[in-house]
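Participant: Pasting query-v6.txt here (compact mmCIF, C-alpha atoms):
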```txt
# COMPACT_ATOMS: atom_id res chain seq x y z
CA MET A 11 64.25 62.24 28.05
CA LEU A 12 64.79 65.94 27.74
CA ALA A 13 63.29 67.15 24.46
CA ARG A 14 65.25 69.26 22.01
CA ARG A 15 63.64 72.66 21.82
CA ILE A 16 62.27 74.37 18.71
CA ILE A 17 62.35 78.10 19.41
CA PRO A 18 60.81 80.70 17.12
CA CYS A 19 62.53 84.04 17.52
CA LEU A 20 60.57 87.23 17.18
CA ASP A 21 62.64 90.30 16.41
CA VAL A 22 60.70 93.26 17.73
CA ARG A 23 61.00 96.81 16.49
CA ASP A 24 58.59 99.59 17.39
CA GLY A 25 56.05 97.14 18.76
CA GLN A 26 55.97 94.96 15.62
CA VAL A 27 57.69 91.72 14.74
CA VAL A 28 60.21 92.26 11.93
CA LYS A 29 62.71 90.13 10.09
CA GLY A 30 65.80 91.09 8.14
CA VAL A 31 68.48 89.27 6.20
CA GLN A 32 71.92 89.32 7.81
CA PHE A 33 70.53 91.96 10.18
CA ARG A 34 69.41 94.31 7.33
CA ASN A 35 66.32 95.35 5.36
CA HIS A 36 63.71 94.58 7.98
CA GLU A 37 60.19 93.78 6.88
CA ILE A 38 57.22 93.85 9.23
CA VAL A 39 55.92 90.31 9.68
CA GLY A 40 53.15 90.87 12.20
CA ASP A 41 51.78 91.76 15.60
CA ILE A 42 53.69 90.53 18.69
CA LEU A 43 50.79 88.88 20.51
CA GLU A 44 49.25 87.41 17.36
CA LEU A 45 52.48 85.68 16.34
CA ALA A 46 53.22 84.55 19.89
CA LEU A 47 49.84 82.84 20.14
CA ARG A 48 50.18 81.29 16.70
CA TYR A 49 53.50 79.73 17.63
CA ARG A 50 52.15 78.56 20.99
CA ASP A 51 49.26 76.83 19.23
CA GLU A 52 51.60 75.26 16.70
CA GLY A 53 53.72 73.64 19.41
CA ALA A 54 56.72 75.93 19.85
CA ASP A 55 58.70 74.88 22.92
CA GLU A 56 59.75 78.38 23.87
CA LEU A 57 59.76 81.87 22.36
CA VAL A 58 62.45 84.52 22.28
CA PHE A 59 61.67 88.19 21.79
CA TYR A 60 64.53 90.44 20.77
CA ASP A 61 64.10 94.18 20.74
CA ILE A 62 66.70 94.59 18.05
CA THR A 63 66.98 98.33 18.26
CA ALA A 64 67.10 98.69 22.02
CA SER A 65 70.87 98.63 22.43
CA VAL A 66 71.33 100.97 19.52
CA ASP A 67 68.71 103.44 20.69
CA GLU A 68 69.90 103.37 24.31
CA ARG A 69 66.53 102.22 25.57
CA THR A 70 65.00 98.92 26.67
CA ILE A 71 61.97 96.87 25.83
CA SER A 72 58.67 97.79 27.36
CA PRO A 73 57.41 95.56 30.19
CA ARG A 74 53.85 96.24 29.03
CA TRP A 75 53.92 93.90 26.05
CA VAL A 76 55.95 91.44 28.10
CA GLU A 77 53.03 91.30 30.51
CA GLN A 78 50.48 90.84 27.72
CA VAL A 79 52.51 87.97 26.31
CA SER A 80 52.89 86.38 29.75
CA GLN A 81 49.15 86.56 30.44
CA ARG A 82 48.40 84.47 27.38
CA LEU A 83 51.37 82.12 26.95
CA ASP A 84 51.58 78.76 28.72
CA ILE A 85 55.07 78.06 27.40
CA PRO A 86 58.28 79.78 28.54
CA PHE A 87 59.64 82.86 26.87
CA CYS A 88 62.77 84.94 26.99
CA VAL A 89 63.11 88.66 26.39
CA ALA A 90 66.19 90.44 25.19
CA GLY A 91 67.20 93.88 24.16
CA GLY A 92 69.34 96.49 25.81
CA ILE A 93 68.90 95.24 29.40
CA ARG A 94 71.82 96.80 31.25
CA SER A 95 70.88 96.72 34.93
CA VAL A 96 69.37 94.47 37.59
CA GLN A 97 66.49 96.90 37.85
CA GLN A 98 65.67 96.69 34.13
CA ALA A 99 65.89 92.91 34.27
CA ARG A 100 63.63 92.78 37.32
CA ALA A 101 60.93 94.79 35.54
CA ARG A 102 60.83 92.24 32.68
CA LEU A 103 60.86 89.22 34.98
CA GLU A 104 58.16 90.73 37.19
CA ALA A 105 56.08 91.41 34.08
CA GLY A 106 56.18 87.66 33.51
CA ALA A 107 59.20 86.85 31.34
CA ASP A 108 60.83 83.55 32.28
CA LYS A 109 64.32 84.45 31.20
CA ILE A 110 66.19 87.50 30.12
CA SER A 111 68.96 87.53 27.59
CA VAL A 112 71.83 89.98 27.54
CA ASN A 113 74.24 90.67 24.71
CA SER A 114 75.79 94.09 23.99
CA PRO A 115 75.51 95.48 27.54
CA ALA A 116 77.26 92.37 28.92
CA LEU A 117 80.09 92.86 26.45
CA MET A 118 80.50 96.45 27.54
CA ARG A 119 80.30 95.57 31.23
CA PRO A 120 80.78 91.81 31.85
CA SER A 121 80.09 92.08 35.60
CA LEU A 122 76.45 92.70 34.61
CA ILE A 123 76.20 88.91 34.20
CA ASN A 124 77.34 88.31 37.80
CA GLU A 125 74.91 90.92 39.11
CA LEU A 126 71.96 89.38 37.24
CA VAL A 127 72.86 85.84 38.33
CA ASP A 128 73.18 86.93 41.96
CA ALA A 129 69.79 88.63 41.83
CA PHE A 130 67.74 86.04 39.92
CA GLY A 131 69.71 82.79 39.70
CA ARG A 132 71.55 81.42 36.71
CA GLN A 133 68.53 79.54 35.36
CA CYS A 134 66.97 82.69 33.96
CA ILE A 135 70.06 84.48 32.66
CA VAL A 136 70.77 83.82 28.98
CA ILE A 137 73.80 85.15 27.16
CA GLY A 138 73.24 86.04 23.51
CA VAL A 139 76.39 85.96 21.40
CA ASP A 140 76.61 87.34 17.86
CA SER A 141 79.55 85.60 16.26
CA PHE A 142 81.13 86.46 12.92
CA PHE A 143 83.57 84.25 11.03
CA ASP A 144 86.22 86.44 9.38
CA GLY A 145 87.85 83.57 7.47
CA THR A 146 90.23 82.74 10.30
CA ASP A 147 88.50 83.16 13.64
CA TYR A 148 85.07 83.34 15.22
CA LEU A 149 84.78 86.88 16.58
CA VAL A 150 82.14 88.50 18.79
CA LYS A 151 80.30 91.54 17.47
CA SER A 152 78.06 93.85 19.46
CA HIS A 153 75.29 96.32 18.63
CA THR A 154 74.27 94.21 15.63
CA GLY A 155 70.81 95.82 15.70
CA ASP A 156 72.33 98.65 13.66
CA PRO A 157 73.58 96.98 10.48
CA ASP A 158 75.64 99.99 9.47
CA ASN A 159 77.41 100.20 12.75
CA PRO A 160 78.02 96.81 14.41
CA ARG A 161 81.00 96.99 16.71
CA THR A 162 83.95 94.70 16.86
CA THR A 163 84.66 93.75 20.43
CA GLY A 164 88.18 92.37 20.17
CA ARG A 165 86.88 89.15 21.69
CA LYS A 166 87.05 85.65 20.29
CA THR A 167 83.74 83.79 20.52
CA ALA A 168 85.11 80.80 22.45
CA GLU A 169 86.79 83.02 25.03
CA TRP A 170 83.68 85.12 25.57
CA ILE A 171 81.45 82.06 25.96
CA GLU A 172 83.81 80.64 28.58
CA GLU A 173 83.89 83.93 30.45
CA ALA A 174 80.10 84.34 30.31
CA ILE A 175 79.58 80.85 31.74
CA HIS A 176 82.25 81.45 34.38
CA ARG A 177 80.34 84.57 35.42
CA GLY A 178 77.23 82.42 35.86
CA GLY A 179 75.32 82.60 32.56
CA GLY A 180 72.79 79.75 32.49
CA GLU A 181 72.33 79.35 28.75
CA ILE A 182 74.10 80.45 25.58
CA VAL A 183 72.32 81.46 22.37
CA LEU A 184 74.94 81.45 19.64
CA ASN A 185 73.95 83.43 16.61
CA CYS A 186 76.21 82.67 13.67
CA MET A 187 75.99 85.97 11.82
CA ASN A 188 77.28 84.75 8.48
CA MET A 189 74.27 82.42 8.31
CA ASP A 190 71.57 84.80 9.56
CA GLY A 191 68.41 84.77 7.47
CA VAL A 192 70.00 83.03 4.45
CA ARG A 193 68.45 79.59 5.18
CA THR A 194 71.43 77.52 4.05
CA GLY A 195 71.81 75.60 7.31
CA TYR A 196 73.17 76.15 10.78
CA ASP A 197 76.93 76.63 11.23
CA ILE A 198 77.58 73.07 12.36
CA GLY A 199 81.34 73.55 12.57
CA GLN A 200 81.15 76.53 14.85
CA LEU A 201 78.33 75.12 16.99
CA SER A 202 80.16 71.79 17.43
CA ALA A 203 83.29 73.62 18.51
CA MET A 204 81.39 75.75 21.03
CA ARG A 205 79.40 72.75 22.31
CA LYS A 206 82.68 71.26 23.56
CA ILE A 207 83.35 74.25 25.81
CA CYS A 208 79.74 74.89 26.84
CA PRO A 209 78.50 72.89 29.88
CA VAL A 210 75.27 74.90 30.03
CA PRO A 211 72.42 74.61 27.50
CA LEU A 212 73.45 75.80 24.03
CA ILE A 213 70.96 77.15 21.50
CA ALA A 214 71.79 77.35 17.79
CA SER A 215 70.73 80.43 15.88
CA GLY A 216 71.14 81.54 12.27
CA GLY A 217 70.68 79.63 9.04
CA ALA A 218 67.61 77.38 9.41
CA GLY A 219 65.95 76.70 6.06
CA THR A 220 64.77 73.09 6.00
CA ALA A 221 63.82 70.33 8.44
CA SER A 222 67.12 68.60 7.66
CA HIS A 223 69.00 71.64 8.95
CA PHE A 224 67.36 71.09 12.34
CA TYR A 225 68.11 67.36 12.21
CA ASP A 226 71.77 68.06 11.40
CA VAL A 227 72.26 70.63 14.15
CA PHE A 228 70.73 68.34 16.79
CA MET A 229 72.59 65.23 15.62
CA GLU A 230 75.96 66.76 14.78
CA ALA A 231 76.34 69.79 17.03
CA HIS A 232 74.30 68.32 19.94
CA VAL A 233 72.68 71.64 20.74
CA ASP A 234 69.80 71.73 23.23
CA GLY A 235 67.60 73.91 21.08
CA ALA A 236 67.39 75.47 17.67
CA LEU A 237 66.17 78.96 17.13
CA ALA A 238 64.74 80.22 13.85
CA ALA A 239 62.77 83.18 12.61
CA SER A 240 62.19 83.66 8.89
CA VAL A 241 61.35 80.02 8.09
CA PHE A 242 58.52 80.19 10.60
CA HIS A 243 57.38 83.76 9.93
CA LYS A 244 57.20 83.12 6.19
CA ASN A 245 55.64 79.67 6.50
CA VAL A 246 58.58 78.01 4.79
CA LEU A 247 58.38 75.39 7.55
CA SER A 248 55.39 74.63 9.74
CA ILE A 249 56.30 73.83 13.34
CA PRO A 250 53.92 70.82 13.61
CA ASP A 251 55.34 69.26 10.42
CA LEU A 252 58.91 70.01 11.46
CA LYS A 253 58.44 68.47 14.90
CA LYS A 254 56.70 65.39 13.48
CA THR A 255 59.51 64.87 10.95
CA LEU A 256 62.24 65.21 13.58
CA LYS A 257 60.41 62.84 15.93
CA GLN A 258 60.10 60.24 13.15
CA GLN A 259 63.83 60.59 12.55
CA GLY A 260 64.51 59.69 16.16
CA ILE A 261 65.13 63.11 17.69
CA GLU A 262 63.62 63.58 21.15
CA ILE A 263 60.81 66.05 20.48
CA ARG A 264 57.74 67.15 22.42
CA LEU A 265 54.65 66.67 20.25
CA MET B 11 37.58 78.94 46.15
CA SER B 12 40.00 81.35 47.79
CA LEU B 13 43.50 81.02 46.44
CA VAL B 14 46.56 82.87 47.69
CA ILE B 15 49.90 83.05 45.95
CA VAL B 16 52.44 83.80 48.64
CA ASP B 17 54.28 87.01 47.83
CA THR B 18 57.79 85.76 48.38
CA GLY B 19 59.30 88.76 46.63
CA CYS B 20 60.56 86.50 43.86
CA ALA B 21 60.32 87.46 40.25
CA ASN B 22 57.85 84.96 38.75
CA LEU B 23 54.77 85.80 40.81
CA ALA B 24 53.05 87.33 37.80
CA SER B 25 53.36 84.32 35.54
CA VAL B 26 52.04 81.96 38.24
CA GLY B 27 49.13 84.34 38.79
CA PHE B 28 48.39 84.54 35.06
CA ALA B 29 48.16 80.74 34.89
CA PHE B 30 45.30 80.80 37.40
CA ASP B 31 43.70 83.71 35.51
CA ARG B 32 43.67 81.47 32.43
CA LEU B 33 41.81 78.86 34.49
CA GLY B 34 39.27 81.52 35.41
CA VAL B 35 40.16 81.38 39.12
CA GLN B 36 40.34 84.43 41.35
CA LYS B 37 43.66 84.69 43.13
CA THR B 38 45.25 87.01 45.65
CA ILE B 39 48.96 87.68 45.79
CA SER B 40 49.80 88.41 49.42
CA ALA B 41 52.35 88.18 52.20
CA ASP B 42 49.72 88.90 54.86
CA PRO B 43 49.69 86.01 57.40
CA ASP B 44 45.94 86.34 58.04
CA ILE B 45 45.07 86.18 54.34
CA ILE B 46 47.38 83.20 53.83
CA ARG B 47 45.97 81.34 56.84
CA ALA B 48 42.39 81.93 55.69
CA ALA B 49 42.91 80.79 52.09
CA GLN B 50 41.53 77.46 50.90
CA ARG B 51 44.56 76.90 48.68
CA VAL B 52 48.08 78.31 49.04
CA VAL B 53 50.70 78.44 46.29
CA LEU B 54 54.36 79.01 47.12
CA PRO B 55 56.19 80.10 43.98
CA GLY B 56 59.89 80.68 43.67
CA VAL B 57 62.82 81.26 41.41
CA GLY B 58 66.37 82.12 42.37
CA ALA B 59 68.48 80.77 45.21
CA ALA B 60 67.20 78.85 48.26
CA ALA B 61 69.07 80.81 50.93
CA TYR B 62 67.85 84.12 49.51
CA ALA B 63 64.25 82.90 49.30
CA MET B 64 64.26 81.59 52.89
CA ALA B 65 65.72 84.89 54.10
CA SER B 66 62.89 86.64 52.28
CA LEU B 67 60.26 84.41 53.96
CA ARG B 68 61.88 85.04 57.35
CA ALA B 69 61.97 88.79 56.76
CA ARG B 70 58.23 88.68 56.00
CA GLY B 71 57.53 86.64 59.14
CA LEU B 72 56.08 83.82 57.05
CA VAL B 73 58.07 80.77 58.14
CA ASP B 74 55.82 79.86 61.11
CA VAL B 75 52.72 80.76 59.13
CA LEU B 76 53.59 78.39 56.28
CA GLN B 77 54.65 75.61 58.66
CA ALA B 78 51.25 75.69 60.39
CA LEU B 79 49.03 75.52 57.28
CA THR B 80 46.56 72.63 57.08
CA GLN B 81 44.91 73.41 53.73
CA PRO B 82 46.44 72.16 50.44
CA VAL B 83 49.73 73.96 49.70
CA LEU B 84 51.56 73.77 46.36
CA GLY B 85 55.24 74.71 46.07
CA ILE B 86 56.49 75.43 42.56
CA CYS B 87 60.12 74.97 41.47
CA LEU B 88 62.23 76.64 44.18
CA GLY B 89 58.96 76.88 46.14
CA MET B 90 58.85 73.07 46.15
CA GLN B 91 62.47 72.84 47.28
CA LEU B 92 61.74 75.15 50.21
CA LEU B 93 59.19 72.62 51.52
CA PHE B 94 62.01 70.22 52.43
CA GLU B 95 64.25 70.19 55.50
CA SER B 96 67.28 71.77 53.91
CA SER B 97 69.00 72.60 50.64
CA GLN B 98 72.60 72.14 49.68
CA GLU B 99 72.25 75.42 47.77
CA GLY B 100 73.84 77.96 50.09
CA ASN B 101 73.33 75.47 52.99
CA ALA B 102 69.82 76.80 53.43
CA GLN B 103 67.43 75.60 56.11
CA GLY B 104 64.04 74.73 54.58
CA LEU B 105 60.49 74.83 55.92
CA GLY B 106 60.73 71.16 56.90
CA LEU B 107 57.18 70.33 55.76
CA ILE B 108 58.42 67.29 53.82
CA LYS B 109 61.21 64.99 54.97
CA GLY B 110 64.33 65.06 52.84
CA LYS B 111 67.07 67.25 51.51
CA VAL B 112 67.57 69.16 48.28
CA GLY B 113 70.89 68.45 46.60
CA GLU B 114 72.81 69.58 43.55
CA MET B 115 71.87 67.40 40.59
CA ASP B 116 74.49 65.11 39.15
CA THR B 117 73.80 65.43 35.43
CA GLY B 118 77.00 63.69 34.37
CA SER B 119 77.99 64.84 30.91
CA LEU B 120 74.58 66.45 30.26
CA PRO B 121 74.28 70.23 30.27
CA SER B 122 73.29 71.87 33.55
CA PRO B 123 70.95 73.59 34.51
CA HIS B 124 68.36 70.98 33.51
CA MET B 125 66.42 73.27 31.21
CA GLY B 126 63.56 72.43 28.90
CA TRP B 127 60.68 70.00 28.41
CA ASN B 128 61.08 66.59 30.04
CA GLN B 129 58.72 63.70 30.73
CA LEU B 130 56.80 62.71 33.84
CA ARG B 131 57.43 59.07 34.77
CA ASP B 132 56.23 56.54 37.35
CA LEU B 133 53.02 58.43 38.06
CA ALA B 134 51.33 57.63 41.38
CA ASP B 135 47.58 57.35 41.71
CA ASP B 136 46.79 60.72 43.23
CA PRO B 137 44.07 63.34 42.67
CA LEU B 138 46.77 65.88 41.70
CA LEU B 139 47.58 63.73 38.66
CA ALA B 140 44.02 63.10 37.49
CA GLY B 141 43.98 63.07 33.69
CA VAL B 142 47.78 63.38 33.42
CA LYS B 143 49.34 60.76 31.16
CA GLN B 144 52.56 58.86 31.65
CA GLY B 145 55.29 60.50 29.58
CA SER B 146 53.67 63.96 29.47
CA TYR B 147 56.15 66.76 28.89
CA VAL B 148 56.50 69.60 31.39
CA TYR B 149 58.94 72.51 31.54
CA PHE B 150 61.88 72.36 33.97
CA VAL B 151 64.57 74.91 34.84
CA HIS B 152 66.73 73.95 37.82
CA SER B 153 70.13 72.67 38.89
CA TYR B 154 69.16 71.40 42.36
CA GLY B 155 66.70 68.60 42.94
CA VAL B 156 65.09 66.13 45.33
CA PRO B 157 65.78 62.38 45.17
CA VAL B 158 62.93 59.96 44.54
CA SER B 159 61.32 58.84 47.82
CA GLY B 160 58.04 57.59 49.24
CA ASN B 161 56.73 61.13 48.81
CA THR B 162 57.33 61.16 45.05
CA LEU B 163 54.13 61.30 42.97
CA ALA B 164 56.00 61.51 39.65
CA ALA B 165 59.63 61.17 38.69
CA CYS B 166 61.70 62.58 35.86
CA ASP B 167 65.01 61.42 34.43
CA TYR B 168 67.97 63.65 33.64
CA GLY B 169 71.27 61.93 34.30
CA GLY B 170 69.31 59.94 36.92
CA LYS B 171 65.83 59.95 38.37
CA PHE B 172 64.64 62.73 40.64
CA SER B 173 61.29 63.91 42.05
CA ALA B 174 59.18 65.92 39.61
CA ILE B 175 56.08 65.99 41.83
CA VAL B 176 55.93 65.31 45.56
CA ARG B 177 53.26 65.12 48.22
CA SER B 178 53.23 64.70 51.96
CA GLY B 179 49.69 65.02 53.32
CA ASN B 180 48.38 68.48 52.44
CA ILE B 181 51.74 69.63 51.08
CA TYR B 182 52.33 69.30 47.33
CA GLY B 183 55.26 70.35 45.17
CA CYS B 184 56.18 70.54 41.48
CA GLN B 185 59.83 70.83 40.50
CA PHE B 186 58.79 72.05 37.03
CA HIS B 187 56.82 75.17 36.16
CA PRO B 188 53.15 74.16 35.67
CA GLU B 189 52.40 77.75 34.63
CA ARG B 190 54.69 77.23 31.63
CA SER B 191 53.94 73.57 30.91
CA GLY B 192 51.13 73.87 28.39
CA LYS B 193 47.97 71.80 28.86
CA THR B 194 49.60 69.32 31.24
CA GLY B 195 50.63 72.13 33.56
CA ALA B 196 47.16 73.68 33.44
CA GLN B 197 45.62 70.28 34.25
CA ILE B 198 47.83 69.91 37.33
CA LEU B 199 46.98 73.40 38.57
CA GLU B 200 43.29 72.71 38.03
CA ASN B 201 43.63 69.41 39.90
CA PHE B 202 45.30 71.23 42.79
CA LEU B 203 42.23 73.40 43.14
CA LYS B 204 40.10 70.23 43.37
CA VAL B 205 42.17 68.04 45.69
CA PRO B 206 40.29 67.22 48.90
CA ALA B 207 41.09 69.69 51.64
```
As structure tokens, please, write out the structure in this file.
Facilitator:
Amino acid sequence: MLARRIIPCLDVRDGQVVKGVQFRNHEIVGDILELALRYRDEGADELVFYDITASVDERTISPRWVEQVSQRLDIPFCVAGGIRSVQQARARLEAGADKISVNSPALMRPSLINELVDAFGRQCIVIGVDSFFDGTDYLVKSHTGDPDNPRTTGRKTAEWIEEAIHRGGGEIVLNCMNMDGVRTGYDIGQLSAMRKICPVPLIASGGAGTASHFYDVFMEAHVDGALAASVFHKNVLSIPDLKKTLKQQGIEIRL
Amino acid sequence: MSLVIVDTGCANLASVGFAFDRLGVQKTISADPDIIRAAQRVVLPGVGAAAYAMASLRARGLVDVLQALTQPVLGICLGMQLLFESSQEGNAQGLGLIKGKVGEMDTGSLPSPHMGWNQLRDLADDPLLAGVKQGSYVYFVHSYGVPVSGNTLAACDYGGKFSAIVRSGNIYGCQFHPERSGKTGAQILENFLKVPA
């Protein structure tokens, strides 16, 4: 059986791992390599590194730390942050990243997804979606790395996910912005709705606080993986305990 | 031990190389036919699409070279698929080192690509699998696959069984990424270095 994935997410800013609440007030939580190795040792199934300021600052993540991470990790990892060309993606993949994730640049120029899929195959192209519930609809935001200036895109989340998959995206990471960093549970309603239209792997992001939140999102929204940051960075949940608990509850988990 | 990772021009050469670094093994990444022929072990990595990868091997003049190798060869992921006669992906001709065809996986209602950690089943008694336990998890990312056959050393199940590890004589293949499969992956790579030549 395919195991559900537990995926710590490391938001990277200026070479450090940081974490904010609803994309604001970032605190430094540690060194990139140190945290990556800690999570590897604890049994993380995959890691995601987001350079959260890259799209805002018009730059991209540095392949150098990607290479250092790749040298040491024996689990897959994905890098994200301001990648807007095949060339920039190639540099990260050649440095040893297994997947690359695109968000704001794909919203600005959707054909970027096709170009990346043609060059590297759909299995390593992840589409990150920041989705905000305005009380009526799920709407896509871009440039969320700058909390004072996130942009509305005029796109509904469901429509953008369908387009991204149609263009060849191999996996969707759906970040439910209303839930980010508040640890009150994943947005089961939204994730369930998007699961129905998402034939590629779907990863839940935003809201993890307890082991039961992971159980609920796997059982009710049927996501392939659950991403979390603050609960792991701040030792609210330990990955070994979480995975043991989920396994005992009957979720397919790699121990 | 001389180990060559064939420079196929694909993007994951570095991570395969790093996995051997972690095992403390010297490796060379090369597309030079003489270096590949002289190596004691040859690894054929690969990500991306079959037709593109075969075109890249042809452009480097490596098709005949790879077909004539007699030392242990290990294909990884797309590299494994290239060992077969053909692939449905882009109707690509393969190297034909192992009988059989690569087809698009029928995952039914399950998400595709098959992405994540899945278990090795029906393990054969083979030096490549020394110390590897039934049910061990390894990391897969693919949407094409090879049916189970007499060449299958280990199977995996995702909407149906398919070959996770294959062998035909000196030619070995892993559909998953041993370089990203934790201790089990490292064990398999280490075993590959020790299989009888």
Participant: Give me, as a ChimeraX atom specification, the residues of chain B touching chain A, with the criterion being at most 8 Å (counting all atoms listed in the file).
Facilitator: /B:21-25,28-29,31-32,57-59,120-123,125-129,147,149,151-153,167-168,189-193
Participant: How far is it from CA of Asp21 in chain A to CA of Val89 in chain A, in Å with one decimal?
Facilitator: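 Between these atoms lies a distance of 10.1 Å.
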Participant: Near Ala60 in chain B, within 10 Å and counting all atoms listed in the file, which residues show up once chain neighbours fewer than 4 positions away are dropped, as number ranges by chain?
Facilitator: A: 131; B: 56, 64-66, 88-89, 91-92, 96-104, 112, 154
Participant: So the first atom is CA of Asp116 in chain B and the second is CA of Ala174 in chain B; what is the distance between them in Å, to one decimal place?
Facilitator: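 CA of Ala174 in chain B lies 15.3 Å from CA of Asp116 in chain B.
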Participant: Have a look at CA of Leu201 in chain A and CA of Trp170 in chain A and let me know their distance in Å, one decimal.
Facilitator: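 Result for CA of Leu201 in chain A versus CA of Trp170 in chain A: 14.2 Å, one decimal.
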